[in-house]
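Notes to accompany the following structure.
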Amino acid sequence: MYLFVYVLILVGVVQVYGPPTRITTIKNQSVSESSGLTASRTLSGAYWTHNDSGDGPFIYAFNTRGESLAVFRVAGANARDWEDIASGPGPQRNRSYLYIGDIGDNSAKRSEIVVYRIPEPDLKTANRNSSKSRPLATENAEAIRLMYPDGKHDAEALLVHPVTGNLYIVTKVVFVNPVVYEAQAPVNTAKPIMLKRIGEVRVPSLFGGAITGGSVSPDGRRVALCDYFQGYEMVLPASSGNFNDIWKQTMTGFDLGKRQQGESIAYRLDGNALLATSEGKGTELLQVERRRSRMK
């Protein structure tokens with residue numbers, strides 16, 4: 001990670017994001033393997049996360065003081081290998097939805113992967129005394145079943161465009177370029193959807209493309225990805241109105257801080273910062289603030 005930062009300095013690029021800072025520690029001890037992160041659209045300053053495989057279909061809301069806001073069991077969902085969570089539009093206009101990616105496949109055996117979609121629960125009225133043993137219930141989840149057009153893949157990054165609602169999955173691979181797949185909205189929940197292969201992204205890392213999380217900025221003009229070591233961002237050119245042009249852009253790397261096992265990244269609701277967690281109890285919520293970049 002630090003070698004890459006030094007290379008950036010040598011070629012004259014000033015970092016787009018400032019140094020990482022610790023905002024808080026997640027106090028809910030049931031959050032032991034935070035694997036996904038997204039900003040709430042129903043309560044400013046609130047975030048949703050979930051654990052990796054083995055926890056059950058639970059989502060956890062917390063604030064920037066690390067306080068638990070609510071624990072929900074996702075009705076009608078199974079948790080085989082939940083890897084990421086995203087916010088975006090859905091069937092009802094002017095309503096926020098959560099998309100939960102059951103997309104992990106370490107052994108490349110799954111013929112289908114699943115993204116669960118639920119209306120985002122209203123955190124303004126949620127019971128803060130809810131817990132994993134006494135969870136609240138979401139509305140029934142819709143199961144969006146997905147298939148790859150070219151075999152089976154492991155993936156940990158799910159992204160949803162904030163305007164179109166298109167879904168994107170970025171594969172997790174090592175020493176080769178990750179592949180981006182798309183499911184265009186509106187998605188059909190009645191039968192499996194064949195994903196479309198959009199292309200590859202080039203990760204400027206010695207470790208290749210072990211992408212573990214992703215997020216689209218609230219304005220739909222930037223994409224952030226992370227691996228175990230750092231974060232990356234791509235920006236849609238001002239001249240382009242086609243979001244998929246973003247996958248052709250050069251990635252800019254930045255320091256996300258020391259994470260025990262970093263598997264999540266999310267834009268702050270104003271788009272001016274990125275936040276990250278890692279697996280492990282008492283996980284820290286880290287933040288990097290956006291600043292202007294320039295060339296010498």
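Identifiers in this document derive from the order of the structure tokens: chains are assigned A, B, ..., residues are numbered from 1 separately in each chain, and ligands are numbered from 1 in order of occurrence.
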
Please report, as a VMD selection string, each residue of stretch 86-265 of chain A to which DSSP assigns strand (DSSP E or B) when run on this structure's backbone. chain A and resid 86 to 88 97 to 102 113 to 119 136 to 137 142 to 147 155 to 160 167 to 172 179 to 183 193 to 194 196 to 200 210 213 to 216 222 to 226 231 to 235 252 to 254 262

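Within 7 Å of stretch 82-89 of chain A there are Ser35, Gly36, Leu37, Thr38, Asp52, Ser53, Ala79, Arg80, Arg95, Ser96, Tyr97, Leu98, Tyr99, Ile100, Gly101, Asp102, Ile103, Gly104, Glu156, Ala157, Leu158, Leu159, Val160, His161, Pro162, Val163, Gly165 and Gly213 of chain A, counting only C-alpha atoms and ignoring same-chain residues fewer than 2 positions away.
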
Save the residues we just selected, C-alpha atoms, as a short mmCIF file (atom, residue, chain, number, x, y, z; two decimals), in the first residue's frame?
data_model
loop_
_atom_site.label_atom_id
_atom_site.label_comp_id
_atom_site.auth_asym_id
_atom_site.auth_seq_id
_atom_site.Cartn_x
_atom_site.Cartn_y
_atom_site.Cartn_z
CA SER A 35 -18.56 -7.25 5.37
CA GLY A 36 -20.68 -4.52 3.77
CA LEU A 37 -21.52 -0.87 4.43
CA THR A 38 -23.94 1.71 3.07
CA ASP A 52 -20.13 -12.28 6.59
CA SER A 53 -21.31 -15.90 6.27
CA ALA A 79 -27.75 -15.84 4.42
CA ARG A 80 -25.42 -18.19 2.61
CA ARG A 95 -38.51 5.28 -1.72
CA SER A 96 -35.08 4.01 -0.73
CA TYR A 97 -34.23 0.31 -0.97
CA LEU A 98 -31.45 -1.82 0.46
CA TYR A 99 -29.76 -4.42 -1.73
CA ILE A 100 -27.95 -7.21 0.09
CA GLY A 101 -25.53 -9.29 -1.94
CA ASP A 102 -25.44 -13.01 -1.20
CA ILE A 103 -22.75 -13.25 -3.84
CA GLY A 104 -19.79 -14.97 -2.16
CA GLU A 156 -17.64 -9.47 -2.75
CA ALA A 157 -18.53 -6.11 -4.32
CA LEU A 158 -22.13 -5.15 -5.08
CA LEU A 159 -22.95 -1.68 -6.41
CA VAL A 160 -26.28 -0.06 -7.29
CA HIS A 161 -26.59 3.08 -9.39
CA PRO A 162 -28.49 5.72 -7.38
CA VAL A 163 -30.58 6.90 -10.33
CA GLY A 165 -31.09 1.21 -10.14
CA GLY A 213 -16.27 -3.96 -1.55
#

Quick one: everything within 7 Å of A:Ala276, counting only C-alpha atoms, minus sequence neighbours fewer than 4 positions away in the same chain. Send it as a VMD selection string. chain A and resid 264 to 266 285 to 287

Neighbours of A:Glu233 within 7 Å (only C-alpha atoms; same-chain residues fewer than 4 positions away dropped), as a compact mmCIF listing (two decimals) with N, CA and C atoms, in the first residue's frame?
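The resulting file, around-v3.txt, is reproduced below:
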# COMPACT_ATOMS: atom_id res chain seq x y z
N ARG A 222 -19.07 8.74 -9.61
CA ARG A 222 -17.83 8.13 -9.12
C ARG A 222 -18.11 6.72 -8.60
N VAL A 223 -17.10 5.88 -8.70
CA VAL A 223 -17.16 4.53 -8.15
C VAL A 223 -15.97 4.32 -7.24
N ALA A 224 -16.22 3.78 -6.06
CA ALA A 224 -15.14 3.43 -5.13
C ALA A 224 -15.11 1.93 -4.96
N LEU A 225 -13.92 1.37 -4.96
CA LEU A 225 -13.70 -0.04 -4.70
C LEU A 225 -12.62 -0.16 -3.63
N MET A 251 -7.91 4.02 -12.29
CA MET A 251 -8.17 4.05 -10.85
C MET A 251 -7.13 4.91 -10.13
N THR A 252 -7.61 5.64 -9.13
CA THR A 252 -6.71 6.36 -8.23
C THR A 252 -6.76 5.67 -6.88
N GLY A 253 -5.60 5.29 -6.37
CA GLY A 253 -5.55 4.61 -5.08
C GLY A 253 -5.41 5.59 -3.93

Close residues, A:Lys281 itself excluded, 10 Å, only C-alpha atoms, min 2 positions apart in chain, as an mmCIF file with N, CA and C atoms, in the first residue's frame:
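Result file follows (result-v5.cif):
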data_model
loop_
_atom_site.group_PDB
_atom_site.id
_atom_site.type_symbol
_atom_site.label_atom_id
_atom_site.label_comp_id
_atom_site.auth_asym_id
_atom_site.auth_seq_id
_atom_site.Cartn_x
_atom_site.Cartn_y
_atom_site.Cartn_z
ATOM 1 N N THR A 25 -16.045 3.388 17.061
ATOM 2 C CA THR A 25 -16.012 1.928 17.101
ATOM 3 C C THR A 25 -17.446 1.427 17.202
ATOM 4 N N ILE A 26 -17.811 0.450 16.392
ATOM 5 C CA ILE A 26 -19.162 -0.092 16.430
ATOM 6 C C ILE A 26 -19.347 -0.842 17.749
ATOM 7 N N LYS A 27 -20.301 -0.404 18.533
ATOM 8 C CA LYS A 27 -20.460 -0.929 19.893
ATOM 9 C C LYS A 27 -21.261 -2.222 19.962
ATOM 10 N N ASN A 28 -22.072 -2.496 18.971
ATOM 11 C CA ASN A 28 -22.868 -3.714 18.976
ATOM 12 C C ASN A 28 -21.951 -4.919 18.769
ATOM 13 N N GLN A 29 -21.813 -5.741 19.808
ATOM 14 C CA GLN A 29 -20.895 -6.867 19.747
ATOM 15 C C GLN A 29 -21.368 -7.963 18.790
ATOM 16 N N SER A 30 -22.605 -7.895 18.334
ATOM 17 C CA SER A 30 -23.085 -8.861 17.346
ATOM 18 C C SER A 30 -22.493 -8.603 15.973
ATOM 19 N N VAL A 31 -21.955 -7.398 15.773
ATOM 20 C CA VAL A 31 -21.265 -7.084 14.521
ATOM 21 C C VAL A 31 -19.823 -7.542 14.681
ATOM 22 N N SER A 32 -19.556 -8.730 14.199
ATOM 23 C CA SER A 32 -18.239 -9.335 14.390
ATOM 24 C C SER A 32 -17.462 -9.519 13.097
ATOM 25 N N GLU A 33 -18.156 -9.454 11.955
ATOM 26 C CA GLU A 33 -17.491 -9.599 10.661
ATOM 27 C C GLU A 33 -18.119 -8.649 9.653
ATOM 28 N N SER A 34 -18.017 -7.355 9.917
ATOM 29 C CA SER A 34 -18.637 -6.361 9.038
ATOM 30 C C SER A 34 -18.094 -6.519 7.625
ATOM 31 N N SER A 278 -14.026 -3.075 8.964
ATOM 32 C CA SER A 278 -13.326 -4.334 8.727
ATOM 33 C C SER A 278 -13.949 -5.410 9.588
ATOM 34 N N GLU A 279 -13.583 -6.637 9.335
ATOM 35 C CA GLU A 279 -14.110 -7.724 10.125
ATOM 36 C C GLU A 279 -13.457 -7.737 11.504
ATOM 37 N N THR A 283 -15.167 -3.322 15.689
ATOM 38 C CA THR A 283 -14.526 -2.790 14.490
ATOM 39 C C THR A 283 -14.611 -1.271 14.449
ATOM 40 N N GLU A 284 -13.585 -0.654 13.920
ATOM 41 C CA GLU A 284 -13.539 0.794 13.800
ATOM 42 C C GLU A 284 -14.220 1.238 12.513
#

Which neighbours of A:Asn166 fall inside 7 Å, counting only C-alpha atoms, when residues of the same chain fewer than 2 positions from it are skipped, and could you give them as a VMD selection string? chain A and resid 160 to 161 164 168 182 to 185

All residues 6 Å or closer to stretch 133-138 of chain A, only C-alpha atoms, same chain fewer than 5 positions away omitted, as a VMD selection string: chain A and resid 71 to 75
